[in-house]
$ cat protein_34.cif   # mmCIF, N, CA and C atoms and all ligand atoms
data_data
loop_
_atom_site.label_atom_id
_atom_site.label_comp_id
_atom_site.auth_asym_id
_atom_site.auth_seq_id
_atom_site.Cartn_x
_atom_site.Cartn_y
_atom_site.Cartn_z
N MET J 1 36.85 93.74 -9.37
CA MET J 1 35.59 94.01 -10.04
C MET J 1 35.04 95.35 -9.57
N THR J 2 35.40 96.40 -10.24
CA THR J 2 34.93 97.71 -9.81
C THR J 2 33.95 98.31 -10.80
N ASN J 3 33.84 97.70 -11.97
CA ASN J 3 32.88 98.22 -12.94
C ASN J 3 31.48 97.75 -12.57
N PRO J 4 30.56 98.70 -12.27
CA PRO J 4 29.22 98.29 -11.86
C PRO J 4 28.53 97.41 -12.91
N GLU J 5 28.93 97.53 -14.14
CA GLU J 5 28.30 96.72 -15.19
C GLU J 5 28.70 95.26 -15.09
N ASP J 6 29.81 95.00 -14.42
CA ASP J 6 30.36 93.64 -14.43
C ASP J 6 30.11 92.84 -13.17
N TRP J 7 29.51 93.46 -12.16
CA TRP J 7 29.54 92.81 -10.87
C TRP J 7 28.41 91.82 -10.65
N ARG J 8 27.43 91.81 -11.48
CA ARG J 8 26.32 90.89 -11.25
C ARG J 8 26.63 89.51 -11.78
N PRO J 9 26.52 88.50 -10.94
CA PRO J 9 26.92 87.15 -11.34
C PRO J 9 25.88 86.46 -12.20
N ASP J 10 26.27 85.38 -12.82
CA ASP J 10 25.33 84.57 -13.59
C ASP J 10 24.25 84.02 -12.66
N GLN J 11 23.04 83.87 -13.20
CA GLN J 11 21.95 83.33 -12.38
C GLN J 11 22.33 81.98 -11.76
N GLY J 12 23.05 81.17 -12.50
CA GLY J 12 23.40 79.85 -12.02
C GLY J 12 24.32 79.88 -10.80
N GLU J 13 25.00 80.98 -10.62
CA GLU J 13 25.94 81.09 -9.50
C GLU J 13 25.26 81.62 -8.25
N LEU J 14 24.01 82.07 -8.39
CA LEU J 14 23.40 82.84 -7.32
C LEU J 14 23.32 82.11 -5.99
N LEU J 15 22.67 80.95 -5.98
CA LEU J 15 22.45 80.29 -4.71
C LEU J 15 23.75 79.75 -4.15
N LYS J 16 24.64 79.31 -5.04
CA LYS J 16 25.93 78.81 -4.59
C LYS J 16 26.67 79.86 -3.78
N ALA J 17 26.58 81.12 -4.26
CA ALA J 17 27.31 82.20 -3.62
C ALA J 17 26.47 82.90 -2.55
N ASP J 18 25.29 82.34 -2.24
CA ASP J 18 24.40 82.96 -1.26
C ASP J 18 24.00 84.38 -1.65
N LEU J 19 23.88 84.60 -2.95
CA LEU J 19 23.42 85.90 -3.44
C LEU J 19 21.95 85.78 -3.81
N LEU J 20 21.17 86.74 -3.36
CA LEU J 20 19.73 86.71 -3.60
C LEU J 20 19.32 87.91 -4.44
N LEU J 21 18.47 87.67 -5.42
CA LEU J 21 17.77 88.74 -6.11
C LEU J 21 18.68 89.70 -6.87
N TYR J 22 19.70 89.14 -7.49
CA TYR J 22 20.47 89.93 -8.45
C TYR J 22 19.95 89.57 -9.83
N ILE J 23 18.80 90.09 -10.15
CA ILE J 23 18.17 89.75 -11.42
C ILE J 23 18.24 90.95 -12.36
N GLU J 24 18.10 90.66 -13.63
CA GLU J 24 18.05 91.71 -14.64
C GLU J 24 16.72 91.52 -15.37
N PRO J 25 15.67 92.19 -14.92
CA PRO J 25 14.35 91.96 -15.53
C PRO J 25 14.34 92.29 -17.01
N ILE J 26 13.68 91.44 -17.79
CA ILE J 26 13.52 91.73 -19.21
C ILE J 26 12.04 91.86 -19.59
N LEU J 27 11.16 91.41 -18.71
CA LEU J 27 9.73 91.54 -18.98
C LEU J 27 9.25 92.88 -18.41
N PRO J 28 8.12 93.39 -18.95
CA PRO J 28 7.59 94.65 -18.41
C PRO J 28 7.29 94.52 -16.92
N VAL J 29 7.47 95.60 -16.20
CA VAL J 29 7.18 95.63 -14.77
C VAL J 29 5.68 95.43 -14.55
N SER J 30 5.31 94.79 -13.44
CA SER J 30 3.89 94.61 -13.12
C SER J 30 3.24 95.97 -12.85
N ASP J 31 1.95 96.07 -13.16
CA ASP J 31 1.25 97.32 -12.87
C ASP J 31 1.07 97.51 -11.38
N GLU J 32 0.78 96.42 -10.69
CA GLU J 32 0.54 96.48 -9.25
C GLU J 32 1.50 95.54 -8.54
N PRO J 33 2.06 95.98 -7.41
CA PRO J 33 2.96 95.10 -6.66
C PRO J 33 2.22 93.92 -6.05
N ILE J 34 2.92 92.80 -5.97
CA ILE J 34 2.39 91.65 -5.22
C ILE J 34 2.90 91.80 -3.79
N VAL J 35 1.99 92.08 -2.88
CA VAL J 35 2.39 92.21 -1.47
C VAL J 35 1.78 91.02 -0.74
N ASP J 36 2.56 89.95 -0.64
CA ASP J 36 2.11 88.74 0.02
C ASP J 36 3.15 88.34 1.06
N GLU J 37 3.10 87.09 1.49
CA GLU J 37 4.01 86.67 2.56
C GLU J 37 5.47 86.75 2.11
N VAL J 38 5.74 86.40 0.86
CA VAL J 38 7.12 86.42 0.37
C VAL J 38 7.64 87.86 0.33
N THR J 39 6.83 88.77 -0.19
CA THR J 39 7.22 90.19 -0.20
C THR J 39 7.41 90.70 1.22
N GLY J 40 6.49 90.30 2.11
CA GLY J 40 6.58 90.72 3.52
C GLY J 40 7.84 90.21 4.19
N LYS J 41 8.24 88.99 3.83
CA LYS J 41 9.43 88.42 4.47
C LYS J 41 10.73 89.02 3.93
N ILE J 42 10.77 89.31 2.64
CA ILE J 42 12.00 89.95 2.14
C ILE J 42 12.09 91.37 2.71
N THR J 43 10.92 92.01 2.92
CA THR J 43 10.92 93.35 3.53
C THR J 43 11.47 93.29 4.95
N SER J 44 10.99 92.33 5.73
CA SER J 44 11.48 92.18 7.11
C SER J 44 12.98 91.89 7.11
N ALA J 45 13.39 90.99 6.23
CA ALA J 45 14.81 90.61 6.18
C ALA J 45 15.66 91.81 5.79
N PHE J 46 15.15 92.60 4.84
CA PHE J 46 15.90 93.77 4.38
C PHE J 46 16.03 94.80 5.50
N HIS J 47 14.95 94.97 6.28
CA HIS J 47 15.00 95.92 7.41
C HIS J 47 16.03 95.51 8.44
N LEU J 48 16.24 94.21 8.57
CA LEU J 48 17.20 93.69 9.56
C LEU J 48 18.61 93.58 8.98
N GLY J 49 18.70 93.76 7.66
CA GLY J 49 19.99 93.59 7.00
C GLY J 49 20.92 94.77 7.24
N GLU J 50 22.17 94.56 6.94
CA GLU J 50 23.17 95.62 7.09
C GLU J 50 24.01 95.71 5.83
N SER J 51 24.42 96.93 5.53
CA SER J 51 25.34 97.11 4.41
C SER J 51 26.60 96.30 4.65
N ASN J 52 27.10 95.69 3.58
CA ASN J 52 28.34 94.93 3.74
C ASN J 52 29.57 95.81 3.51
N GLY J 53 29.33 97.10 3.31
CA GLY J 53 30.45 98.02 3.18
C GLY J 53 30.95 98.20 1.76
N ASN J 54 30.49 97.33 0.86
CA ASN J 54 30.88 97.52 -0.54
C ASN J 54 30.26 98.81 -1.06
N LYS J 55 31.05 99.63 -1.69
CA LYS J 55 30.49 100.83 -2.33
C LYS J 55 30.80 100.76 -3.82
N TRP J 56 29.75 100.59 -4.59
CA TRP J 56 29.94 100.58 -6.04
C TRP J 56 30.01 102.01 -6.54
N ARG J 57 30.64 102.14 -7.69
CA ARG J 57 30.82 103.50 -8.22
C ARG J 57 29.51 104.11 -8.69
N GLY J 58 28.56 103.27 -9.01
CA GLY J 58 27.28 103.81 -9.47
C GLY J 58 26.14 103.04 -8.86
N ILE J 59 24.94 103.55 -9.06
CA ILE J 59 23.76 102.81 -8.64
C ILE J 59 23.37 101.90 -9.78
N HIS J 60 22.50 100.94 -9.49
CA HIS J 60 22.00 100.06 -10.53
C HIS J 60 20.56 100.46 -10.84
N ALA J 61 20.25 100.59 -12.11
CA ALA J 61 18.89 100.96 -12.50
C ALA J 61 18.17 99.75 -13.06
N CYS J 62 16.99 99.50 -12.53
CA CYS J 62 16.12 98.47 -13.10
C CYS J 62 15.58 99.04 -14.42
N PRO J 63 15.34 98.19 -15.43
CA PRO J 63 14.80 98.72 -16.70
C PRO J 63 13.50 99.50 -16.53
N CYS J 64 12.77 99.26 -15.45
CA CYS J 64 11.48 99.97 -15.27
C CYS J 64 11.69 101.36 -14.69
N GLY J 65 12.93 101.70 -14.32
CA GLY J 65 13.19 103.03 -13.79
C GLY J 65 13.51 103.04 -12.31
N ALA J 66 13.31 101.93 -11.62
CA ALA J 66 13.66 101.87 -10.19
C ALA J 66 15.18 101.88 -10.05
N HIS J 67 15.66 102.42 -8.94
CA HIS J 67 17.10 102.51 -8.72
C HIS J 67 17.51 101.87 -7.41
N SER J 68 18.63 101.19 -7.44
CA SER J 68 19.22 100.70 -6.20
C SER J 68 20.10 101.81 -5.62
N ASP J 69 20.55 101.62 -4.39
CA ASP J 69 21.61 102.50 -3.92
C ASP J 69 22.94 101.84 -4.28
N ASN J 70 24.03 102.33 -3.72
CA ASN J 70 25.32 101.87 -4.23
C ASN J 70 26.02 100.89 -3.29
N THR J 71 25.25 100.15 -2.50
CA THR J 71 25.90 99.16 -1.65
C THR J 71 25.10 97.87 -1.67
N ASP J 72 25.66 96.83 -1.10
CA ASP J 72 24.97 95.55 -0.96
C ASP J 72 24.63 95.34 0.51
N TYR J 73 23.72 94.44 0.76
CA TYR J 73 23.23 94.21 2.12
C TYR J 73 23.34 92.73 2.48
N ILE J 74 23.66 92.47 3.72
CA ILE J 74 23.68 91.11 4.23
C ILE J 74 22.43 90.92 5.09
N LEU J 75 21.62 89.95 4.72
CA LEU J 75 20.38 89.66 5.43
C LEU J 75 20.68 88.78 6.65
N PRO J 76 19.74 88.73 7.61
CA PRO J 76 19.95 87.87 8.78
C PRO J 76 20.22 86.41 8.40
N SER J 77 19.73 85.98 7.26
CA SER J 77 19.95 84.61 6.80
C SER J 77 21.38 84.39 6.31
N GLY J 78 22.14 85.48 6.17
CA GLY J 78 23.49 85.38 5.64
C GLY J 78 23.58 85.62 4.14
N HIS J 79 22.43 85.75 3.49
CA HIS J 79 22.43 86.01 2.05
C HIS J 79 22.75 87.47 1.77
N GLN J 80 23.41 87.69 0.66
CA GLN J 80 23.70 89.05 0.22
C GLN J 80 22.67 89.46 -0.82
N THR J 81 22.17 90.69 -0.69
CA THR J 81 21.22 91.18 -1.68
C THR J 81 21.48 92.66 -1.92
N ASN J 82 20.59 93.29 -2.69
CA ASN J 82 20.76 94.70 -3.05
C ASN J 82 19.47 95.44 -2.70
N SER J 83 19.50 96.75 -2.79
CA SER J 83 18.35 97.53 -2.32
C SER J 83 17.15 97.48 -3.25
N LEU J 84 17.27 96.78 -4.38
CA LEU J 84 16.09 96.57 -5.22
C LEU J 84 15.38 95.25 -4.87
N ALA J 85 15.82 94.59 -3.82
CA ALA J 85 15.27 93.27 -3.48
C ALA J 85 13.74 93.30 -3.34
N ILE J 86 13.24 94.26 -2.58
CA ILE J 86 11.79 94.32 -2.34
C ILE J 86 11.07 94.66 -3.64
N HIS J 87 11.62 95.58 -4.38
CA HIS J 87 11.05 95.96 -5.69
C HIS J 87 10.95 94.74 -6.60
N TYR J 88 12.04 93.97 -6.67
CA TYR J 88 12.03 92.81 -7.56
C TYR J 88 10.96 91.79 -7.15
N VAL J 89 10.87 91.52 -5.86
CA VAL J 89 9.92 90.50 -5.39
C VAL J 89 8.49 90.96 -5.63
N ALA J 90 8.23 92.25 -5.42
CA ALA J 90 6.86 92.76 -5.53
C ALA J 90 6.44 93.06 -6.97
N LEU J 91 7.38 93.51 -7.78
CA LEU J 91 6.99 94.02 -9.10
C LEU J 91 7.61 93.26 -10.29
N HIS J 92 8.54 92.36 -10.01
CA HIS J 92 9.10 91.52 -11.09
C HIS J 92 9.04 90.06 -10.67
N ARG J 93 7.95 89.69 -10.00
CA ARG J 93 7.82 88.36 -9.41
C ARG J 93 8.04 87.23 -10.43
N ALA J 94 7.53 87.43 -11.64
CA ALA J 94 7.59 86.36 -12.63
C ALA J 94 9.02 86.00 -13.03
N GLU J 95 9.96 86.89 -12.77
CA GLU J 95 11.33 86.66 -13.23
C GLU J 95 12.28 86.21 -12.12
N ILE J 96 11.73 86.02 -10.93
CA ILE J 96 12.58 85.57 -9.83
C ILE J 96 12.62 84.05 -9.82
N PRO J 97 13.83 83.47 -9.79
CA PRO J 97 13.92 82.01 -9.79
C PRO J 97 13.09 81.42 -8.65
N PRO J 98 12.28 80.38 -8.95
CA PRO J 98 11.38 79.79 -7.94
C PRO J 98 12.12 79.38 -6.66
N GLU J 99 13.36 78.89 -6.81
CA GLU J 99 14.07 78.43 -5.60
C GLU J 99 14.41 79.61 -4.69
N GLN J 100 14.54 80.81 -5.27
CA GLN J 100 14.79 81.99 -4.43
C GLN J 100 13.52 82.42 -3.70
N LEU J 101 12.37 82.34 -4.40
CA LEU J 101 11.10 82.67 -3.74
C LEU J 101 10.84 81.70 -2.60
N GLU J 102 11.16 80.42 -2.84
CA GLU J 102 10.97 79.40 -1.81
C GLU J 102 11.86 79.69 -0.60
N LEU J 103 13.09 80.07 -0.89
CA LEU J 103 14.03 80.36 0.18
C LEU J 103 13.54 81.55 1.02
N ILE J 104 13.09 82.61 0.35
CA ILE J 104 12.61 83.80 1.06
C ILE J 104 11.36 83.45 1.87
N GLY J 105 10.46 82.67 1.26
CA GLY J 105 9.23 82.25 1.95
C GLY J 105 9.53 81.44 3.20
N GLY J 106 10.69 80.85 3.24
CA GLY J 106 11.08 80.04 4.39
C GLY J 106 11.79 80.82 5.48
N PHE J 107 12.02 82.11 5.27
CA PHE J 107 12.66 82.92 6.33
C PHE J 107 11.78 82.89 7.58
N ASP J 108 12.39 82.72 8.72
CA ASP J 108 11.66 82.66 9.98
C ASP J 108 11.46 84.07 10.51
N LEU J 109 10.67 84.86 9.80
CA LEU J 109 10.46 86.27 10.14
C LEU J 109 8.98 86.61 9.98
N GLU J 110 8.49 87.52 10.79
CA GLU J 110 7.14 88.05 10.61
C GLU J 110 7.14 88.97 9.39
N PRO J 111 6.23 88.78 8.45
CA PRO J 111 6.20 89.66 7.28
C PRO J 111 5.92 91.13 7.67
N THR J 112 6.54 92.05 6.98
CA THR J 112 6.33 93.48 7.16
C THR J 112 5.84 94.05 5.83
N GLU J 113 4.90 94.97 5.91
CA GLU J 113 4.42 95.59 4.67
C GLU J 113 5.45 96.60 4.18
N PRO J 114 5.86 96.49 2.91
CA PRO J 114 6.85 97.45 2.40
C PRO J 114 6.25 98.83 2.21
N SER J 115 7.08 99.86 2.30
CA SER J 115 6.63 101.22 2.05
C SER J 115 6.57 101.47 0.54
N GLU J 116 5.91 102.56 0.18
CA GLU J 116 5.86 102.95 -1.24
C GLU J 116 7.26 103.16 -1.79
N ILE J 117 8.12 103.74 -0.96
CA ILE J 117 9.49 104.02 -1.40
C ILE J 117 10.24 102.71 -1.66
N GLU J 118 10.03 101.74 -0.79
CA GLU J 118 10.71 100.46 -0.97
C GLU J 118 10.18 99.71 -2.19
N LEU J 119 8.90 99.86 -2.46
CA LEU J 119 8.32 99.17 -3.61
C LEU J 119 8.81 99.76 -4.92
N GLN J 120 9.01 101.07 -4.96
CA GLN J 120 9.41 101.77 -6.18
C GLN J 120 8.50 101.40 -7.35
N LYS J 121 7.21 101.52 -7.10
CA LYS J 121 6.26 101.27 -8.17
C LYS J 121 6.45 102.32 -9.26
N PRO J 122 6.55 101.89 -10.51
CA PRO J 122 6.81 102.89 -11.57
C PRO J 122 5.65 103.87 -11.70
N LYS J 123 5.98 105.09 -12.05
CA LYS J 123 4.95 106.13 -12.17
C LYS J 123 4.09 105.90 -13.40
N ARG J 124 4.64 105.24 -14.36
CA ARG J 124 3.89 104.97 -15.59
C ARG J 124 4.47 103.71 -16.20
N SER J 125 3.68 103.08 -17.01
CA SER J 125 4.20 101.86 -17.61
C SER J 125 5.02 102.21 -18.85
N ARG J 126 6.00 101.38 -19.12
CA ARG J 126 6.84 101.57 -20.29
C ARG J 126 6.84 100.28 -21.08
N ILE J 127 7.19 100.38 -22.32
CA ILE J 127 7.28 99.20 -23.17
C ILE J 127 8.76 98.94 -23.43
N TYR J 128 9.13 97.68 -23.44
CA TYR J 128 10.53 97.32 -23.68
C TYR J 128 10.65 96.54 -24.97
N TYR J 129 11.78 96.66 -25.60
CA TYR J 129 12.03 95.86 -26.78
C TYR J 129 13.45 95.32 -26.71
N HIS J 130 13.68 94.25 -27.41
CA HIS J 130 15.01 93.64 -27.43
C HIS J 130 15.80 94.18 -28.62
N LEU J 131 16.95 94.72 -28.35
CA LEU J 131 17.85 95.10 -29.43
C LEU J 131 18.50 93.84 -29.98
N PRO J 132 18.98 93.88 -31.21
CA PRO J 132 19.60 92.68 -31.79
C PRO J 132 20.74 92.13 -30.94
N SER J 133 21.43 92.97 -30.22
CA SER J 133 22.55 92.53 -29.41
C SER J 133 22.10 91.80 -28.15
N GLY J 134 20.81 91.83 -27.89
CA GLY J 134 20.32 91.21 -26.66
C GLY J 134 20.21 92.21 -25.52
N ILE J 135 20.63 93.43 -25.77
CA ILE J 135 20.50 94.46 -24.74
C ILE J 135 19.04 94.89 -24.68
N ILE J 136 18.57 95.10 -23.50
CA ILE J 136 17.18 95.54 -23.32
C ILE J 136 17.18 97.05 -23.12
N ALA J 137 16.35 97.72 -23.88
CA ALA J 137 16.30 99.17 -23.73
C ALA J 137 14.86 99.64 -23.63
N PRO J 138 14.62 100.60 -22.76
CA PRO J 138 13.26 101.15 -22.72
C PRO J 138 12.97 101.94 -23.99
N THR J 139 11.74 101.88 -24.41
CA THR J 139 11.36 102.72 -25.55
C THR J 139 11.30 104.15 -25.08
N GLN J 140 11.19 105.02 -26.02
CA GLN J 140 11.10 106.43 -25.67
C GLN J 140 9.90 106.66 -24.73
N ASP J 141 10.07 107.57 -23.85
CA ASP J 141 9.10 107.79 -22.80
C ASP J 141 8.14 108.89 -23.21
N PHE J 142 6.86 108.55 -23.35
CA PHE J 142 5.91 109.58 -23.76
C PHE J 142 5.08 110.09 -22.60
N GLY J 143 5.27 109.52 -21.43
CA GLY J 143 4.44 109.89 -20.29
C GLY J 143 4.80 111.25 -19.72
N GLN J 144 3.92 111.75 -18.91
CA GLN J 144 4.16 113.00 -18.19
C GLN J 144 4.55 112.67 -16.76
N GLU J 145 5.48 113.38 -16.22
CA GLU J 145 5.84 113.16 -14.81
C GLU J 145 4.71 113.66 -13.91
ZN ZN H 201 11.89 97.28 -11.89
#

$ encode --input "protein_34.cif" --output "structure tokens"
Amino acid sequence: MTNPEDWRPDQGELLKADLLLYIEPILPVSDEPIVDEVTGKITSAFHLGESNGNKWRGIHACPCGAHSDNTDYILPSGHQTNSLAIHYVALHRAEIPPEQLELIGGFDLEPTEPSEIELQKPKRSRIYYHLPSGIIAPTQDFGQE
């Protein structure tokens, strides 16, 4: 599996394989991040995590414009995640499976406040639409950088 487009598993396989937060958001990104205990704990876990050495050929882009780096991380809990983990928990909370939020909330770690860089709050809001094929694409961007 070397094609970055193919490596994300089905949601149903996630907990079985100890994979956390490999989501593909389809709803608009939140305007403001949720920085609570769950976000704090995934941040702490991510800081303690280590790259598993996998190097993907490309980075993964969240539909809102946030980008992952090209490796995966192993958290102290043994779960594998990606560098968009904090972004997903803080800004795509509604789309994270409840059992994953529960699992993260149960991490035995002191919460840490994520940095702006880790949050990857979008610079402007975008609107998304569903193409007939089911592919999600951002609408044209009218904002100013
Ligand atoms: Zn995003």

$ closest_residue --input "protein_34.cif" --among "J:Ser51, J:Thr71, J:Gln120, J:Gln80" --to "ligand ZN 201 (chain H)" --atoms "only C-alpha atoms and all ligand atoms"
J:Gln120

$ residues_around --input "protein_34.cif" --residues "Asp108 of chain J" --least-positions-apart "3" --cutoff "12 Å" --atoms "only C-alpha atoms" --output "list in words"
Glu37, Val38, Gly40, Lys41, Ile42, Ser44, Ala45, Pro76, Ser77, Leu103, Ile104, Gly105 and Pro111 of chain J

$ residues_near_ligand --input "protein_34.cif" --ligand "ligand ZN 201 (chain H)" --cutoff "6 Å" --atoms "all atoms listed in the file" --output "short mmCIF file (atom, residue, chain, number, x, y, z; two decimals) with N, CA and C atoms, in the frame of the given file"
data_model
loop_
_atom_site.label_atom_id
_atom_site.label_comp_id
_atom_site.auth_asym_id
_atom_site.auth_seq_id
_atom_site.Cartn_x
_atom_site.Cartn_y
_atom_site.Cartn_z
N VAL J 29 7.47 95.60 -16.20
CA VAL J 29 7.18 95.63 -14.77
C VAL J 29 5.68 95.43 -14.55
N CYS J 62 16.99 99.50 -12.53
CA CYS J 62 16.12 98.47 -13.10
C CYS J 62 15.58 99.04 -14.42
N PRO J 63 15.34 98.19 -15.43
CA PRO J 63 14.80 98.72 -16.70
C PRO J 63 13.50 99.50 -16.53
N CYS J 64 12.77 99.26 -15.45
CA CYS J 64 11.48 99.97 -15.27
C CYS J 64 11.69 101.36 -14.69
N GLY J 65 12.93 101.70 -14.32
CA GLY J 65 13.19 103.03 -13.79
C GLY J 65 13.51 103.04 -12.31
N ALA J 66 13.31 101.93 -11.62
CA ALA J 66 13.66 101.87 -10.19
C ALA J 66 15.18 101.88 -10.05
N HIS J 87 11.62 95.58 -4.38
CA HIS J 87 11.05 95.96 -5.69
C HIS J 87 10.95 94.74 -6.60
#

$ atom_distance --input "protein_34.cif" --atom1 "atom CA of Asn54 of chain J" --atom2 "atom CA of Ile117 of chain J"
22.4 Å

$ residues_near_point --input "protein_34.cif" --point "(17.2, 100.3, -12.7)" --cutoff "12 Å" --atoms "only C-alpha atoms" --output "CSV table (one decimal) with N, CA and C atoms, in the coordinates of the input"
chain,number,residue,atom,x,y,z
J,5,GLU,N,28.9,97.5,-14.1
J,5,GLU,CA,28.3,96.7,-15.2
J,5,GLU,C,28.7,95.3,-15.1
J,22,TYR,N,19.7,89.1,-7.5
J,22,TYR,CA,20.5,89.9,-8.4
J,22,TYR,C,20.0,89.6,-9.8
J,23,ILE,N,18.8,90.1,-10.2
J,23,ILE,CA,18.2,89.8,-11.4
J,23,ILE,C,18.2,91.0,-12.4
J,24,GLU,N,18.1,90.7,-13.6
J,24,GLU,CA,18.0,91.7,-14.6
J,24,GLU,C,16.7,91.5,-15.4
J,25,PRO,N,15.7,92.2,-14.9
J,25,PRO,CA,14.4,92.0,-15.5
J,25,PRO,C,14.3,92.3,-17.0
J,26,ILE,N,13.7,91.4,-17.8
J,26,ILE,CA,13.5,91.7,-19.2
J,26,ILE,C,12.0,91.9,-19.6
J,29,VAL,N,7.5,95.6,-16.2
J,29,VAL,CA,7.2,95.6,-14.8
J,29,VAL,C,5.7,95.4,-14.6
J,58,GLY,N,28.6,103.3,-9.0
J,58,GLY,CA,27.3,103.8,-9.5
J,58,GLY,C,26.1,103.0,-8.9
J,59,ILE,N,24.9,103.6,-9.1
J,59,ILE,CA,23.8,102.8,-8.6
J,59,ILE,C,23.4,101.9,-9.8
J,60,HIS,N,22.5,100.9,-9.5
J,60,HIS,CA,22.0,100.1,-10.5
J,60,HIS,C,20.6,100.5,-10.8
J,61,ALA,N,20.2,100.6,-12.1
J,61,ALA,CA,18.9,101.0,-12.5
J,61,ALA,C,18.2,99.8,-13.1
J,62,CYS,N,17.0,99.5,-12.5
J,62,CYS,CA,16.1,98.5,-13.1
J,62,CYS,C,15.6,99.0,-14.4
J,63,PRO,N,15.3,98.2,-15.4
J,63,PRO,CA,14.8,98.7,-16.7
J,63,PRO,C,13.5,99.5,-16.5
J,64,CYS,N,12.8,99.3,-15.4
J,64,CYS,CA,11.5,100.0,-15.3
J,64,CYS,C,11.7,101.4,-14.7
J,65,GLY,N,12.9,101.7,-14.3
J,65,GLY,CA,13.2,103.0,-13.8
J,65,GLY,C,13.5,103.0,-12.3
J,66,ALA,N,13.3,101.9,-11.6
J,66,ALA,CA,13.7,101.9,-10.2
J,66,ALA,C,15.2,101.9,-10.0
J,67,HIS,N,15.7,102.4,-8.9
J,67,HIS,CA,17.1,102.5,-8.7
J,67,HIS,C,17.5,101.9,-7.4
J,68,SER,N,18.6,101.2,-7.4
J,68,SER,CA,19.2,100.7,-6.2
J,68,SER,C,20.1,101.8,-5.6
J,69,ASP,N,20.6,101.6,-4.4
J,69,ASP,CA,21.6,102.5,-3.9
J,69,ASP,C,22.9,101.8,-4.3
J,70,ASN,N,24.0,102.3,-3.7
J,70,ASN,CA,25.3,101.9,-4.2
J,70,ASN,C,26.0,100.9,-3.3
J,82,ASN,N,20.6,93.3,-2.7
J,82,ASN,CA,20.8,94.7,-3.0
J,82,ASN,C,19.5,95.4,-2.7
J,83,SER,N,19.5,96.8,-2.8
J,83,SER,CA,18.4,97.5,-2.3
J,83,SER,C,17.2,97.5,-3.2
J,84,LEU,N,17.3,96.8,-4.4
J,84,LEU,CA,16.1,96.6,-5.2
J,84,LEU,C,15.4,95.2,-4.9
J,85,ALA,N,15.8,94.6,-3.8
J,85,ALA,CA,15.3,93.3,-3.5
J,85,ALA,C,13.7,93.3,-3.3
J,87,HIS,N,11.6,95.6,-4.4
J,87,HIS,CA,11.0,96.0,-5.7
J,87,HIS,C,11.0,94.7,-6.6
J,88,TYR,N,12.0,94.0,-6.7
J,88,TYR,CA,12.0,92.8,-7.6
J,88,TYR,C,11.0,91.8,-7.2
J,120,GLN,N,9.0,101.1,-5.0
J,120,GLN,CA,9.4,101.8,-6.2
J,120,GLN,C,8.5,101.4,-7.4
J,121,LYS,N,7.2,101.5,-7.1
J,121,LYS,CA,6.3,101.3,-8.2
J,121,LYS,C,6.4,102.3,-9.3
J,122,PRO,N,6.6,101.9,-10.5
J,122,PRO,CA,6.8,102.9,-11.6
J,122,PRO,C,5.6,103.9,-11.7
J,136,ILE,N,18.6,95.1,-23.5
J,136,ILE,CA,17.2,95.5,-23.3
J,136,ILE,C,17.2,97.0,-23.1
J,137,ALA,N,16.4,97.7,-23.9
J,137,ALA,CA,16.3,99.2,-23.7
J,137,ALA,C,14.9,99.6,-23.6
J,138,PRO,N,14.6,100.6,-22.8
J,138,PRO,CA,13.3,101.2,-22.7
J,138,PRO,C,13.0,101.9,-24.0

$ atom_distance --input "protein_34.cif" --atom1 "atom N of Leu109 of chain J" --atom2 "atom C of Val89 of chain J"
16.7 Å

$ atom_distance --input "protein_34.cif" --atom1 "atom C of Pro98 of chain J" --atom2 "atom CA of Asp18 of chain J"
13.9 Å

$ closest_residue --input "protein_34.cif" --among "J:Leu91, J:Leu48, J:Ile96, J:Leu19" --to "Leu119 of chain J" --atoms "only C-alpha atoms"
J:Leu91

$ residues_near_point --input "protein_34.cif" --point "(13.7, 85.0, -2.9)" --cutoff "7 Å" --atoms "only C-alpha atoms" --output "compact mmCIF listing (two decimals) with N, CA and C atoms, in the coordinates of the input"
# COMPACT_ATOMS: atom_id res chain seq x y z
N LEU J 20 21.17 86.74 -3.36
CA LEU J 20 19.73 86.71 -3.60
C LEU J 20 19.32 87.91 -4.44
N LEU J 21 18.47 87.67 -5.42
CA LEU J 21 17.77 88.74 -6.11
C LEU J 21 18.68 89.70 -6.87
N GLN J 100 14.54 80.81 -5.27
CA GLN J 100 14.79 81.99 -4.43
C GLN J 100 13.52 82.42 -3.70
N LEU J 101 12.37 82.34 -4.40
CA LEU J 101 11.10 82.67 -3.74
C LEU J 101 10.84 81.70 -2.60
N GLU J 102 11.16 80.42 -2.84
CA GLU J 102 10.97 79.40 -1.81
C GLU J 102 11.86 79.69 -0.60
N LEU J 103 13.09 80.07 -0.89
CA LEU J 103 14.03 80.36 0.18
C LEU J 103 13.54 81.55 1.02
N ILE J 104 13.09 82.61 0.35
CA ILE J 104 12.61 83.80 1.06
C ILE J 104 11.36 83.45 1.87

$ select_by_dssp --input "protein_34.cif" --residues "segment 30-133 of chain J" --states "strand (DSSP E)" --output "number ranges by chain"
J: 50-51, 72-74, 80-82, 128-130

$ closest_residue --input "protein_34.cif" --among "J:Tyr73, J:Pro97, J:Phe107, J:Ser115" --to "Asn52 of chain J" --atoms "only N, CA and C atoms"
J:Tyr73

$ closest_residue --input "protein_34.cif" --among "J:Gly53, J:His79, J:Asp72, J:Ala90" --to "Glu32 of chain J" --atoms "all atoms listed in the file"
J:Ala90

$ decode --input "protein_34.cif" --residues "segment 40-51 of chain J" --atoms "C-alpha atoms" --output "PDB file, in the first residue's frame"
ATOM      1  CA  GLY J  40      -5.753  18.471  25.722  1.00  0.00           C
ATOM      2  CA  LYS J  41      -5.244  14.742  26.099  1.00  0.00           C
ATOM      3  CA  ILE J  42      -4.745  14.016  22.409  1.00  0.00           C
ATOM      4  CA  THR J  43      -2.246  16.914  22.397  1.00  0.00           C
ATOM      5  CA  SER J  44      -0.320  15.403  25.317  1.00  0.00           C
ATOM      6  CA  ALA J  45      -0.422  11.962  23.727  1.00  0.00           C
ATOM      7  CA  PHE J  46       0.775  13.365  20.402  1.00  0.00           C
ATOM      8  CA  HIS J  47       3.684  15.169  22.092  1.00  0.00           C
ATOM      9  CA  LEU J  48       4.740  11.865  23.640  1.00  0.00           C
ATOM     10  CA  GLY J  49       4.214   9.927  20.427  1.00  0.00           C
ATOM     11  CA  GLU J  50       6.894   8.848  18.013  1.00  0.00           C
ATOM     12  CA  SER J  51       6.961   8.431  14.278  1.00  0.00           C
TER      13      SER J  51
END
